[in-house]
Protein chains: 2
Amino acid sequence: MIPLKDAIPYTPPFRCRILYTGTLPLAGEDSSAQQDSEQSHFQYATPSPSVGIGMDASITPLRHGGLSLVQTTDFFYPLVDDPYMMGKITCANVLSDLYAMGVTECDNMLMLLCCSNKMTDKERDVIIPIIMRGFKDTAEEAGSQVTGGQTVINPWMTIGGVASTVCQQNEFILPDNSVIGDVLVLTKPLGTQVAVNAYQWLDQPERWNRVKLVVSEDDVRKAYQRAMFSMARLNRTAARLMHKYNAHGATDVTGFGLLGHANNLARVQKEEVGFVIHNLPVIAKMAAISKACGNLFGLLQGTSAETSGGLLIALPREQAAAFCKDIEKQEGYQSWIIGIVEKGNRTARIIDKPRVIEVPAKDRDGELW
Amino acid sequence: MIPLKDAIPYTPPFRCRILYTGTLPLAGEDSSAQQDSEQSHFQYATPSPSVGIGMDASITPLRHGGLSLVQTTDFFYPLVDDPYMMGKITCANVLSDLYAMGVTECDNMLMLLCCSNKMTDKERDVIIPIIMRGFKDTAEEAGSQVTGGQTVINPWMTIGGVASTVCQQNEFILPDNSVIGDVLVLTKPLGTQVAVNAYQWLDQPERWNRVKLVVSEDDVRKAYQRAMFSMARLNRTAARLMHKYNAHGATDVTGFGLLGHANNLARVQKEEVGFVIHNLPVIAKMAAISKACGNLFGLLQGTSAETSGGLLIALPREQAAAFCKDIEKQEGYQSWIIGIVEKGNRTARIIDKPRVIEVPAKDRDGELW
């Protein structure tokens, strides 16, 4: 595999989506859309006549019999050194916003690419087609297709996409219907950012020295593999099961970490509820690294960024265990009940000493999970 | 107005869309998609079960009664120093790909933004909302809406969007039905790249010296204004009139210049036809600048890049004059019959000494056109 890391930056300095709240901010009136990324992230507040606010994808009612266009776009910077996996991760990450709305069928995808001008022609000609193939393969795995896109040259390699679907009302699930007594389920472990960074530190002695007492090189390589495959995994089965088990709303966990997204989801709820998170499923050993690094990641505080993370789903208490069992049966991957919905003021919090669940609980030679 | 030009690059070094021909190229097999931008531009060859090839927008048949999702994305770099106009131009440019397909209604738009990390916080907080407002205003002028998007930080300011519509078969016009005897109509004058560059040269004495014998500063400022307003103008009326006057196909003239796009349109024709271009409508004085600069632009050779250029439309000969008259009546802007469709091998050419039409023919004090 060709390492991307020499040609591209790993860590985006900033990442947020645009806040559209009916009217765009005018100069001098309100520029918070650009400043307050925590606030603005995934707030697709759509102007009339669109549906809902605070959603991962925009929903536009169409002129044609009860149909809606559900759409999302996302782009970011490479974070793994395998271009094929990077393409898959990008695609899974874009689709995840649809899945968070309970949409299971994506009609069409476009791919967005900026090739880095720091790549040689050879690097570009080898790497870019592999990224595109990864993206395309995952789109097909999702039952979708890639029909177009745009490519430009730019200092930073940038990858992303657009996912669109046209569907009936009953094909998507609005995120704002959680009630007291619901529980919160998370469908992928946390810690992708920690794993990706720790893997880079293997080549940076001054950084590596900070964590080598708590983890081995093998631990880090394995965590990196786990993170990579987890990020490339579709949340599609979870979206399907949201319908089967009557989910009351969901979001996907990405750039603002578990707590950021939990707060965003809590804020849009119709009922006066609050989310309390007790359990943190984390890729094995990543909690130890995060602790050893002080406040660098905030993994146990729920602020460590994730890429293509799991769905955070509010489910009726009596359905949640069945949901977790069903997804594990279908996919072979665990989900976790991580918290509860109680009376509150539409915020989320993590309890003082959350239980950290190492994923997997037991390491087996030659097996990732 | 806040000049963008200190914070951003003006001239993109490269620009192409992705070539998707059924399957994406694999490493080592075919990387022409990235290399041959002239070939790949606007080739939205869509895999089964999509419709058509060589189109400006992708057409995806939907699961729902005869409907199709028509979609396009485009992004590029700022080229005028007025952020509001830049937003408008970006939006008009994205929509133009739908209009080239005869689509007149855009259901939804997303905006794509990379803020330059070379901007100060103040520059960013002032400029970005103005760009967004320009984009949004033009989207509304087009009867559409902006419901979301993505923003990242990047060395180069980058702006673009996604335009989507869901429509019946009769709402779009496939581009491949021109026949011998058709004529070619162009709905905006050429020369936007020359005008934008010449305007920048006003501050660069060594460049300005090359052209000051053929144009005045006032000529250049006026041409820049003309280019700016032309780029911000929607091709929507032209798209509507394509239906009324039975257009046989169209494309929009952008990054590869008139000849590049004419060739792309010629290549996808079902009949064995060729396009011959006799007339070049050009923003006043820009032909003189292009000549004074030797081969720098290739304006009269049809290779000068345009941004948000006009539609190039193949129309039945007996309808073309009426089309031009109608659009001028509705919008106050001229269109031109610039060439003919004759027997040929699906290529386009410009005759040896094309007639240059200065637009406007006569300069009036205080008026742009």
# chains A, B, ... in the order shown; residues from 1 in each chain; ligands from 1
$ closest_atom_pairs --of "region 58-163 of chain A" --to "region 173-186 of chain A" --cutoff "12 Å" --atoms "only C-alpha atoms" --output "JSON lines"
{"residue": "A:Ser58", "atom": "CA", "partner": "A:Leu174", "partner_atom": "CA", "distance": 10.9}
{"residue": "A:Ile59", "atom": "CA", "partner": "A:Leu174", "partner_atom": "CA", "distance": 9.9}
{"residue": "A:Val70", "atom": "CA", "partner": "A:Ile173", "partner_atom": "CA", "distance": 11.3}
{"residue": "A:Asp97", "atom": "CA", "partner": "A:Pro175", "partner_atom": "CA", "distance": 11.7}
{"residue": "A:Leu98", "atom": "CA", "partner": "A:Ile173", "partner_atom": "CA", "distance": 10.1}
{"residue": "A:Tyr99", "atom": "CA", "partner": "A:Ile173", "partner_atom": "CA", "distance": 9.5}
{"residue": "A:Ala100", "atom": "CA", "partner": "A:Pro175", "partner_atom": "CA", "distance": 8.3}
{"residue": "A:Met101", "atom": "CA", "partner": "A:Ile173", "partner_atom": "CA", "distance": 5.2}
{"residue": "A:Gly102", "atom": "CA", "partner": "A:Ile173", "partner_atom": "CA", "distance": 5.2}
{"residue": "A:Val103", "atom": "CA", "partner": "A:Ile173", "partner_atom": "CA", "distance": 7.5}
{"residue": "A:Thr104", "atom": "CA", "partner": "A:Ile173", "partner_atom": "CA", "distance": 10.7}
$ residues_around --residues "Ser304 (chain B)" --least-positions-apart "4" --cutoff "9 Å" --atoms "only C-alpha atoms" --output "MDAnalysis selection string"
chainID B and resid 190:194 255:259 296:300
$ atom_distance --atom1 "CA of Ala227 (chain B)" --atom2 "CA of Ala195 (chain B)"
6.5 Å
$ select_by_dssp --residues "region 155-364 of chain B" --states "strand (DSSP E or B)" --output "PyMOL selection string"
chain B and resi 158-167+183-186+190+249-252+273-283+311-315+336-343+348-359
$ residues_around --residues "Met85 (chain A)" --least-positions-apart "3" --cutoff "7 Å" --atoms "only C-alpha atoms" --output "list in words"
Asp82, Lys88, Ile89, Gly134 and Ala232 of chain A
$ residues_around --residues "Ala238 (chain A)" --least-positions-apart "5" --cutoff "8 Å" --atoms "only C-alpha atoms" --output "list in words"
Tyr99, Thr187, Leu311 and Ile327 of chain A
$ select_by_dssp --residues "region 61-252 of chain A" --states "alpha helix (DSSP H)" --output "PDB file with N, CA and C atoms, in the first residue's frame"
ATOM      1  N   PRO A  83      -5.097   3.785   0.903  1.00  0.00           N
ATOM      2  CA  PRO A  83      -6.046   4.564   0.099  1.00  0.00           C
ATOM      3  C   PRO A  83      -7.361   3.840  -0.166  1.00  0.00           C
ATOM      4  N   TYR A  84      -7.305   2.521  -0.316  1.00  0.00           N
ATOM      5  CA  TYR A  84      -8.555   1.783  -0.543  1.00  0.00           C
ATOM      6  C   TYR A  84      -9.479   1.902   0.666  1.00  0.00           C
ATOM      7  N   MET A  85      -8.903   1.689   1.844  1.00  0.00           N
ATOM      8  CA  MET A  85      -9.705   1.814   3.063  1.00  0.00           C
ATOM      9  C   MET A  85     -10.174   3.255   3.252  1.00  0.00           C
ATOM     10  N   MET A  86      -9.333   4.204   2.851  1.00  0.00           N
ATOM     11  CA  MET A  86      -9.735   5.609   2.994  1.00  0.00           C
ATOM     12  C   MET A  86     -10.959   5.906   2.135  1.00  0.00           C
ATOM     13  N   GLY A  87     -10.992   5.339   0.932  1.00  0.00           N
ATOM     14  CA  GLY A  87     -12.170   5.501   0.085  1.00  0.00           C
ATOM     15  C   GLY A  87     -13.410   4.886   0.716  1.00  0.00           C
ATOM     16  N   LYS A  88     -13.231   3.711   1.292  1.00  0.00           N
ATOM     17  CA  LYS A  88     -14.360   3.035   1.938  1.00  0.00           C
ATOM     18  C   LYS A  88     -14.865   3.841   3.142  1.00  0.00           C
ATOM     19  N   ILE A  89     -13.923   4.321   3.940  1.00  0.00           N
ATOM     20  CA  ILE A  89     -14.288   5.101   5.126  1.00  0.00           C
ATOM     21  C   ILE A  89     -15.048   6.365   4.732  1.00  0.00           C
ATOM     22  N   THR A  90     -14.547   7.031   3.690  1.00  0.00           N
ATOM     23  CA  THR A  90     -15.206   8.263   3.238  1.00  0.00           C
ATOM     24  C   THR A  90     -16.646   7.986   2.844  1.00  0.00           C
ATOM     25  N   CYS A  91     -16.839   6.930   2.086  1.00  0.00           N
ATOM     26  CA  CYS A  91     -18.182   6.593   1.628  1.00  0.00           C
ATOM     27  C   CYS A  91     -19.083   6.212   2.805  1.00  0.00           C
ATOM     28  N   ALA A  92     -18.568   5.388   3.698  1.00  0.00           N
ATOM     29  CA  ALA A  92     -19.365   4.970   4.860  1.00  0.00           C
ATOM     30  C   ALA A  92     -19.743   6.182   5.714  1.00  0.00           C
ATOM     31  N   ASN A  93     -18.812   7.112   5.821  1.00  0.00           N
ATOM     32  CA  ASN A  93     -19.040   8.311   6.632  1.00  0.00           C
ATOM     33  C   ASN A  93     -20.130   9.198   6.022  1.00  0.00           C
ATOM     34  N   VAL A  94     -20.107   9.344   4.700  1.00  0.00           N
ATOM     35  CA  VAL A  94     -21.145  10.146   4.035  1.00  0.00           C
ATOM     36  C   VAL A  94     -22.513   9.478   4.215  1.00  0.00           C
ATOM     37  N   LEU A  95     -22.559   8.169   3.967  1.00  0.00           N
ATOM     38  CA  LEU A  95     -23.832   7.445   4.052  1.00  0.00           C
ATOM     39  C   LEU A  95     -24.403   7.446   5.465  1.00  0.00           C
ATOM     40  N   SER A  96     -23.510   7.539   6.439  1.00  0.00           N
ATOM     41  CA  SER A  96     -23.938   7.435   7.830  1.00  0.00           C
ATOM     42  C   SER A  96     -24.990   8.479   8.195  1.00  0.00           C
ATOM     43  N   ASP A  97     -24.917   9.653   7.574  1.00  0.00           N
ATOM     44  CA  ASP A  97     -25.910  10.693   7.860  1.00  0.00           C
ATOM     45  C   ASP A  97     -27.307  10.279   7.396  1.00  0.00           C
ATOM     46  N   LEU A  98     -27.363   9.537   6.286  1.00  0.00           N
ATOM     47  CA  LEU A  98     -28.670   9.006   5.864  1.00  0.00           C
ATOM     48  C   LEU A  98     -29.140   7.929   6.837  1.00  0.00           C
ATOM     49  N   TYR A  99     -28.219   7.045   7.208  1.00  0.00           N
ATOM     50  CA  TYR A  99     -28.600   5.943   8.088  1.00  0.00           C
ATOM     51  C   TYR A  99     -29.101   6.460   9.440  1.00  0.00           C
ATOM     52  N   ASP A 121       2.942  13.119  -9.872  1.00  0.00           N
ATOM     53  CA  ASP A 121       1.986  12.581 -10.837  1.00  0.00           C
ATOM     54  C   ASP A 121       1.791  11.081 -10.612  1.00  0.00           C
ATOM     55  N   LYS A 122       2.889  10.419 -10.323  1.00  0.00           N
ATOM     56  CA  LYS A 122       2.835   8.972 -10.110  1.00  0.00           C
ATOM     57  C   LYS A 122       1.991   8.635  -8.878  1.00  0.00           C
ATOM     58  N   GLU A 123       2.266   9.351  -7.789  1.00  0.00           N
ATOM     59  CA  GLU A 123       1.471   9.118  -6.576  1.00  0.00           C
ATOM     60  C   GLU A 123      -0.013   9.314  -6.868  1.00  0.00           C
ATOM     61  N   ARG A 124      -0.299  10.424  -7.548  1.00  0.00           N
ATOM     62  CA  ARG A 124      -1.694  10.752  -7.844  1.00  0.00           C
ATOM     63  C   ARG A 124      -2.337   9.660  -8.704  1.00  0.00           C
ATOM     64  N   ASP A 125      -1.612   9.244  -9.729  1.00  0.00           N
ATOM     65  CA  ASP A 125      -2.200   8.288 -10.667  1.00  0.00           C
ATOM     66  C   ASP A 125      -2.401   6.910 -10.047  1.00  0.00           C
ATOM     67  N   VAL A 126      -1.626   6.619  -9.021  1.00  0.00           N
ATOM     68  CA  VAL A 126      -1.813   5.336  -8.344  1.00  0.00           C
ATOM     69  C   VAL A 126      -2.849   5.457  -7.222  1.00  0.00           C
ATOM     70  N   ILE A 127      -2.689   6.502  -6.407  1.00  0.00           N
ATOM     71  CA  ILE A 127      -3.493   6.601  -5.186  1.00  0.00           C
ATOM     72  C   ILE A 127      -4.962   6.931  -5.470  1.00  0.00           C
ATOM     73  N   ILE A 128      -5.176   7.904  -6.330  1.00  0.00           N
ATOM     74  CA  ILE A 128      -6.552   8.396  -6.509  1.00  0.00           C
ATOM     75  C   ILE A 128      -7.491   7.304  -7.035  1.00  0.00           C
ATOM     76  N   PRO A 129      -7.080   6.549  -8.049  1.00  0.00           N
ATOM     77  CA  PRO A 129      -7.993   5.477  -8.489  1.00  0.00           C
ATOM     78  C   PRO A 129      -8.289   4.458  -7.397  1.00  0.00           C
ATOM     79  N   ILE A 130      -7.318   4.214  -6.520  1.00  0.00           N
ATOM     80  CA  ILE A 130      -7.578   3.247  -5.438  1.00  0.00           C
ATOM     81  C   ILE A 130      -8.591   3.825  -4.451  1.00  0.00           C
ATOM     82  N   ILE A 131      -8.431   5.104  -4.116  1.00  0.00           N
ATOM     83  CA  ILE A 131      -9.413   5.750  -3.239  1.00  0.00           C
ATOM     84  C   ILE A 131     -10.803   5.670  -3.875  1.00  0.00           C
ATOM     85  N   MET A 132     -10.853   5.981  -5.175  1.00  0.00           N
ATOM     86  CA  MET A 132     -12.142   5.967  -5.865  1.00  0.00           C
ATOM     87  C   MET A 132     -12.754   4.567  -5.864  1.00  0.00           C
ATOM     88  N   ARG A 133     -11.906   3.569  -6.017  1.00  0.00           N
ATOM     89  CA  ARG A 133     -12.428   2.207  -6.024  1.00  0.00           C
ATOM     90  C   ARG A 133     -12.986   1.831  -4.654  1.00  0.00           C
ATOM     91  N   GLY A 134     -12.275   2.248  -3.594  1.00  0.00           N
ATOM     92  CA  GLY A 134     -12.785   1.981  -2.252  1.00  0.00           C
ATOM     93  C   GLY A 134     -14.139   2.641  -2.036  1.00  0.00           C
ATOM     94  N   PHE A 135     -14.233   3.897  -2.470  1.00  0.00           N
ATOM     95  CA  PHE A 135     -15.490   4.633  -2.328  1.00  0.00           C
ATOM     96  C   PHE A 135     -16.602   3.919  -3.086  1.00  0.00           C
ATOM     97  N   LYS A 136     -16.298   3.554  -4.316  1.00  0.00           N
ATOM     98  CA  LYS A 136     -17.291   2.901  -5.178  1.00  0.00           C
ATOM     99  C   LYS A 136     -17.710   1.546  -4.619  1.00  0.00           C
ATOM    100  N   ASP A 137     -16.737   0.771  -4.144  1.00  0.00           N
ATOM    101  CA  ASP A 137     -17.071  -0.556  -3.613  1.00  0.00           C
ATOM    102  C   ASP A 137     -18.015  -0.443  -2.426  1.00  0.00           C
ATOM    103  N   THR A 138     -17.751   0.532  -1.556  1.00  0.00           N
ATOM    104  CA  THR A 138     -18.631   0.685  -0.395  1.00  0.00           C
ATOM    105  C   THR A 138     -20.006   1.206  -0.813  1.00  0.00           C
ATOM    106  N   ALA A 139     -20.032   2.087  -1.818  1.00  0.00           N
ATOM    107  CA  ALA A 139     -21.324   2.550  -2.337  1.00  0.00           C
ATOM    108  C   ALA A 139     -22.131   1.362  -2.860  1.00  0.00           C
ATOM    109  N   GLU A 140     -21.464   0.454  -3.545  1.00  0.00           N
ATOM    110  CA  GLU A 140     -22.173  -0.721  -4.076  1.00  0.00           C
ATOM    111  C   GLU A 140     -22.594  -1.674  -2.960  1.00  0.00           C
ATOM    112  N   GLU A 141     -21.715  -1.821  -1.983  1.00  0.00           N
ATOM    113  CA  GLU A 141     -22.069  -2.628  -0.807  1.00  0.00           C
ATOM    114  C   GLU A 141     -23.348  -2.078  -0.166  1.00  0.00           C
ATOM    115  N   THR A 192     -11.655   6.046  17.597  1.00  0.00           N
ATOM    116  CA  THR A 192     -10.987   6.020  16.288  1.00  0.00           C
ATOM    117  C   THR A 192      -9.901   7.091  16.189  1.00  0.00           C
ATOM    118  N   GLN A 193     -10.185   8.282  16.723  1.00  0.00           N
ATOM    119  CA  GLN A 193      -9.171   9.342  16.639  1.00  0.00           C
ATOM    120  C   GLN A 193      -7.918   8.979  17.437  1.00  0.00           C
ATOM    121  N   VAL A 194      -8.123   8.435  18.616  1.00  0.00           N
ATOM    122  CA  VAL A 194      -6.983   8.044  19.452  1.00  0.00           C
ATOM    123  C   VAL A 194      -6.158   6.980  18.728  1.00  0.00           C
ATOM    124  N   ALA A 195      -6.830   6.010  18.151  1.00  0.00           N
ATOM    125  CA  ALA A 195      -6.125   4.919  17.472  1.00  0.00           C
ATOM    126  C   ALA A 195      -5.317   5.433  16.282  1.00  0.00           C
ATOM    127  N   VAL A 196      -5.929   6.317  15.494  1.00  0.00           N
ATOM    128  CA  VAL A 196      -5.245   6.844  14.307  1.00  0.00           C
ATOM    129  C   VAL A 196      -4.029   7.673  14.722  1.00  0.00           C
ATOM    130  N   ASN A 197      -4.182   8.476  15.741  1.00  0.00           N
ATOM    131  CA  ASN A 197      -3.062   9.292  16.210  1.00  0.00           C
ATOM    132  C   ASN A 197      -1.959   8.438  16.823  1.00  0.00           C
ATOM    133  N   ALA A 198      -2.343   7.484  17.650  1.00  0.00           N
ATOM    134  CA  ALA A 198      -1.334   6.637  18.308  1.00  0.00           C
ATOM    135  C   ALA A 198      -0.512   5.888  17.256  1.00  0.00           C
ATOM    136  N   TYR A 199      -1.191   5.484  16.198  1.00  0.00           N
ATOM    137  CA  TYR A 199      -0.503   4.771  15.113  1.00  0.00           C
ATOM    138  C   TYR A 199       0.545   5.667  14.454  1.00  0.00           C
ATOM    139  N   GLN A 200       0.213   6.928  14.283  1.00  0.00           N
ATOM    140  CA  GLN A 200       1.195   7.865  13.716  1.00  0.00           C
ATOM    141  C   GLN A 200       2.375   8.070  14.659  1.00  0.00           C
ATOM    142  N   TRP A 201       2.103   8.005  15.955  1.00  0.00           N
ATOM    143  CA  TRP A 201       3.159   8.248  16.933  1.00  0.00           C
ATOM    144  C   TRP A 201       4.215   7.154  16.945  1.00  0.00           C
ATOM    145  N   PRO A 205       9.203   9.400  18.039  1.00  0.00           N
ATOM    146  CA  PRO A 205       9.663   8.952  19.365  1.00  0.00           C
ATOM    147  C   PRO A 205       9.219   9.860  20.515  1.00  0.00           C
ATOM    148  N   GLU A 206       9.271  11.179  20.285  1.00  0.00           N
ATOM    149  CA  GLU A 206       8.936  12.063  21.415  1.00  0.00           C
ATOM    150  C   GLU A 206       7.467  11.919  21.841  1.00  0.00           C
ATOM    151  N   ARG A 207       6.616  11.598  20.865  1.00  0.00           N
ATOM    152  CA  ARG A 207       5.206  11.349  21.185  1.00  0.00           C
ATOM    153  C   ARG A 207       5.016   9.939  21.759  1.00  0.00           C
ATOM    154  N   TRP A 208       5.684   9.017  21.113  1.00  0.00           N
ATOM    155  CA  TRP A 208       5.541   7.621  21.516  1.00  0.00           C
ATOM    156  C   TRP A 208       5.947   7.416  22.964  1.00  0.00           C
ATOM    157  N   ASN A 209       6.969   8.147  23.390  1.00  0.00           N
ATOM    158  CA  ASN A 209       7.450   8.022  24.766  1.00  0.00           C
ATOM    159  C   ASN A 209       6.374   8.322  25.805  1.00  0.00           C
ATOM    160  N   ARG A 210       5.415   9.139  25.409  1.00  0.00           N
ATOM    161  CA  ARG A 210       4.345   9.495  26.351  1.00  0.00           C
ATOM    162  C   ARG A 210       3.413   8.331  26.649  1.00  0.00           C
ATOM    163  N   VAL A 211       3.321   7.391  25.712  1.00  0.00           N
ATOM    164  CA  VAL A 211       2.310   6.337  25.877  1.00  0.00           C
ATOM    165  C   VAL A 211       2.882   4.923  25.941  1.00  0.00           C
ATOM    166  N   GLU A 217       3.518  -1.591  20.980  1.00  0.00           N
ATOM    167  CA  GLU A 217       3.370  -1.302  19.556  1.00  0.00           C
ATOM    168  C   GLU A 217       2.299  -2.174  18.920  1.00  0.00           C
ATOM    169  N   ASP A 218       2.273  -3.436  19.324  1.00  0.00           N
ATOM    170  CA  ASP A 218       1.266  -4.356  18.786  1.00  0.00           C
ATOM    171  C   ASP A 218      -0.147  -3.919  19.127  1.00  0.00           C
ATOM    172  N   ASP A 219      -0.313  -3.475  20.389  1.00  0.00           N
ATOM    173  CA  ASP A 219      -1.625  -2.951  20.795  1.00  0.00           C
ATOM    174  C   ASP A 219      -2.079  -1.847  19.844  1.00  0.00           C
ATOM    175  N   VAL A 220      -1.150  -0.949  19.548  1.00  0.00           N
ATOM    176  CA  VAL A 220      -1.494   0.218  18.733  1.00  0.00           C
ATOM    177  C   VAL A 220      -1.802  -0.198  17.303  1.00  0.00           C
ATOM    178  N   ARG A 221      -0.985  -1.094  16.761  1.00  0.00           N
ATOM    179  CA  ARG A 221      -1.246  -1.544  15.386  1.00  0.00           C
ATOM    180  C   ARG A 221      -2.600  -2.237  15.282  1.00  0.00           C
ATOM    181  N   LYS A 222      -2.915  -3.007  16.284  1.00  0.00           N
ATOM    182  CA  LYS A 222      -4.192  -3.724  16.268  1.00  0.00           C
ATOM    183  C   LYS A 222      -5.359  -2.735  16.430  1.00  0.00           C
ATOM    184  N   ALA A 223      -5.173  -1.766  17.306  1.00  0.00           N
ATOM    185  CA  ALA A 223      -6.227  -0.759  17.504  1.00  0.00           C
ATOM    186  C   ALA A 223      -6.457   0.032  16.216  1.00  0.00           C
ATOM    187  N   TYR A 224      -5.364   0.309  15.529  1.00  0.00           N
ATOM    188  CA  TYR A 224      -5.471   1.046  14.262  1.00  0.00           C
ATOM    189  C   TYR A 224      -6.265   0.235  13.234  1.00  0.00           C
ATOM    190  N   GLN A 225      -5.964  -1.061  13.157  1.00  0.00           N
ATOM    191  CA  GLN A 225      -6.719  -1.933  12.250  1.00  0.00           C
ATOM    192  C   GLN A 225      -8.197  -1.967  12.640  1.00  0.00           C
ATOM    193  N   ARG A 226      -8.432  -2.083  13.936  1.00  0.00           N
ATOM    194  CA  ARG A 226      -9.825  -2.109  14.404  1.00  0.00           C
ATOM    195  C   ARG A 226     -10.537  -0.820  14.041  1.00  0.00           C
ATOM    196  N   ALA A 227      -9.862   0.304  14.273  1.00  0.00           N
ATOM    197  CA  ALA A 227     -10.471   1.601  13.960  1.00  0.00           C
ATOM    198  C   ALA A 227     -10.778   1.689  12.467  1.00  0.00           C
ATOM    199  N   MET A 228      -9.829   1.256  11.659  1.00  0.00           N
ATOM    200  CA  MET A 228      -9.978   1.368  10.211  1.00  0.00           C
ATOM    201  C   MET A 228     -11.182   0.554   9.729  1.00  0.00           C
ATOM    202  N   PHE A 229     -11.293  -0.666  10.193  1.00  0.00           N
ATOM    203  CA  PHE A 229     -12.417  -1.497   9.744  1.00  0.00           C
ATOM    204  C   PHE A 229     -13.735  -1.019  10.336  1.00  0.00           C
ATOM    205  N   SER A 230     -13.681  -0.512  11.539  1.00  0.00           N
ATOM    206  CA  SER A 230     -14.904   0.025  12.143  1.00  0.00           C
ATOM    207  C   SER A 230     -15.403   1.245  11.357  1.00  0.00           C
ATOM    208  N   MET A 231     -14.477   2.131  10.975  1.00  0.00           N
ATOM    209  CA  MET A 231     -14.864   3.335  10.230  1.00  0.00           C
ATOM    210  C   MET A 231     -15.407   2.989   8.848  1.00  0.00           C
ATOM    211  N   ALA A 232     -14.897   1.903   8.268  1.00  0.00           N
ATOM    212  CA  ALA A 232     -15.331   1.525   6.920  1.00  0.00           C
ATOM    213  C   ALA A 232     -16.651   0.754   6.933  1.00  0.00           C
ATOM    214  N   ARG A 236     -25.744   0.626   7.959  1.00  0.00           N
ATOM    215  CA  ARG A 236     -27.007   0.342   7.268  1.00  0.00           C
ATOM    216  C   ARG A 236     -27.897  -0.642   8.026  1.00  0.00           C
ATOM    217  N   THR A 237     -27.287  -1.698   8.577  1.00  0.00           N
ATOM    218  CA  THR A 237     -28.096  -2.659   9.335  1.00  0.00           C
ATOM    219  C   THR A 237     -28.749  -1.965  10.526  1.00  0.00           C
ATOM    220  N   ALA A 238     -27.979  -1.097  11.175  1.00  0.00           N
ATOM    221  CA  ALA A 238     -28.532  -0.331  12.298  1.00  0.00           C
ATOM    222  C   ALA A 238     -29.737   0.492  11.847  1.00  0.00           C
ATOM    223  N   ALA A 239     -29.622   1.099  10.659  1.00  0.00           N
ATOM    224  CA  ALA A 239     -30.737   1.907  10.146  1.00  0.00           C
ATOM    225  C   ALA A 239     -31.969   1.040   9.900  1.00  0.00           C
ATOM    226  N   ARG A 240     -31.753  -0.150   9.339  1.00  0.00           N
ATOM    227  CA  ARG A 240     -32.876  -1.069   9.106  1.00  0.00           C
ATOM    228  C   ARG A 240     -33.548  -1.439  10.428  1.00  0.00           C
ATOM    229  N   LEU A 241     -32.704  -1.738  11.421  1.00  0.00           N
ATOM    230  CA  LEU A 241     -33.250  -2.204  12.698  1.00  0.00           C
ATOM    231  C   LEU A 241     -33.899  -1.062  13.487  1.00  0.00           C
ATOM    232  N   MET A 242     -33.556   0.170  13.168  1.00  0.00           N
ATOM    233  CA  MET A 242     -34.253   1.299  13.794  1.00  0.00           C
ATOM    234  C   MET A 242     -35.756   1.213  13.510  1.00  0.00           C
ATOM    235  N   HIS A 243     -36.103   0.768  12.308  1.00  0.00           N
ATOM    236  CA  HIS A 243     -37.526   0.617  11.980  1.00  0.00           C
ATOM    237  C   HIS A 243     -38.134  -0.560  12.739  1.00  0.00           C
ATOM    238  N   LYS A 244     -37.398  -1.688  12.705  1.00  0.00           N
ATOM    239  CA  LYS A 244     -37.932  -2.906  13.323  1.00  0.00           C
ATOM    240  C   LYS A 244     -38.176  -2.715  14.816  1.00  0.00           C
TER     241      LYS A 244
END
$ closest_residue --among "A:Arg63, A:Lys270, A:Arg233, A:Lys118" --to "chain B" --atoms "only C-alpha atoms"
A:Arg63
$ closest_residue --among "B:Thr60, B:Met109, B:Pro78, B:Gly161" --to "Gln145 (chain A)" --atoms "only C-alpha atoms"
B:Thr60
$ closest_residue --among "B:Ala142, B:Cys106, B:Ile350, B:Val152" --to "chain A" --atoms "only C-alpha atoms"
B:Val152
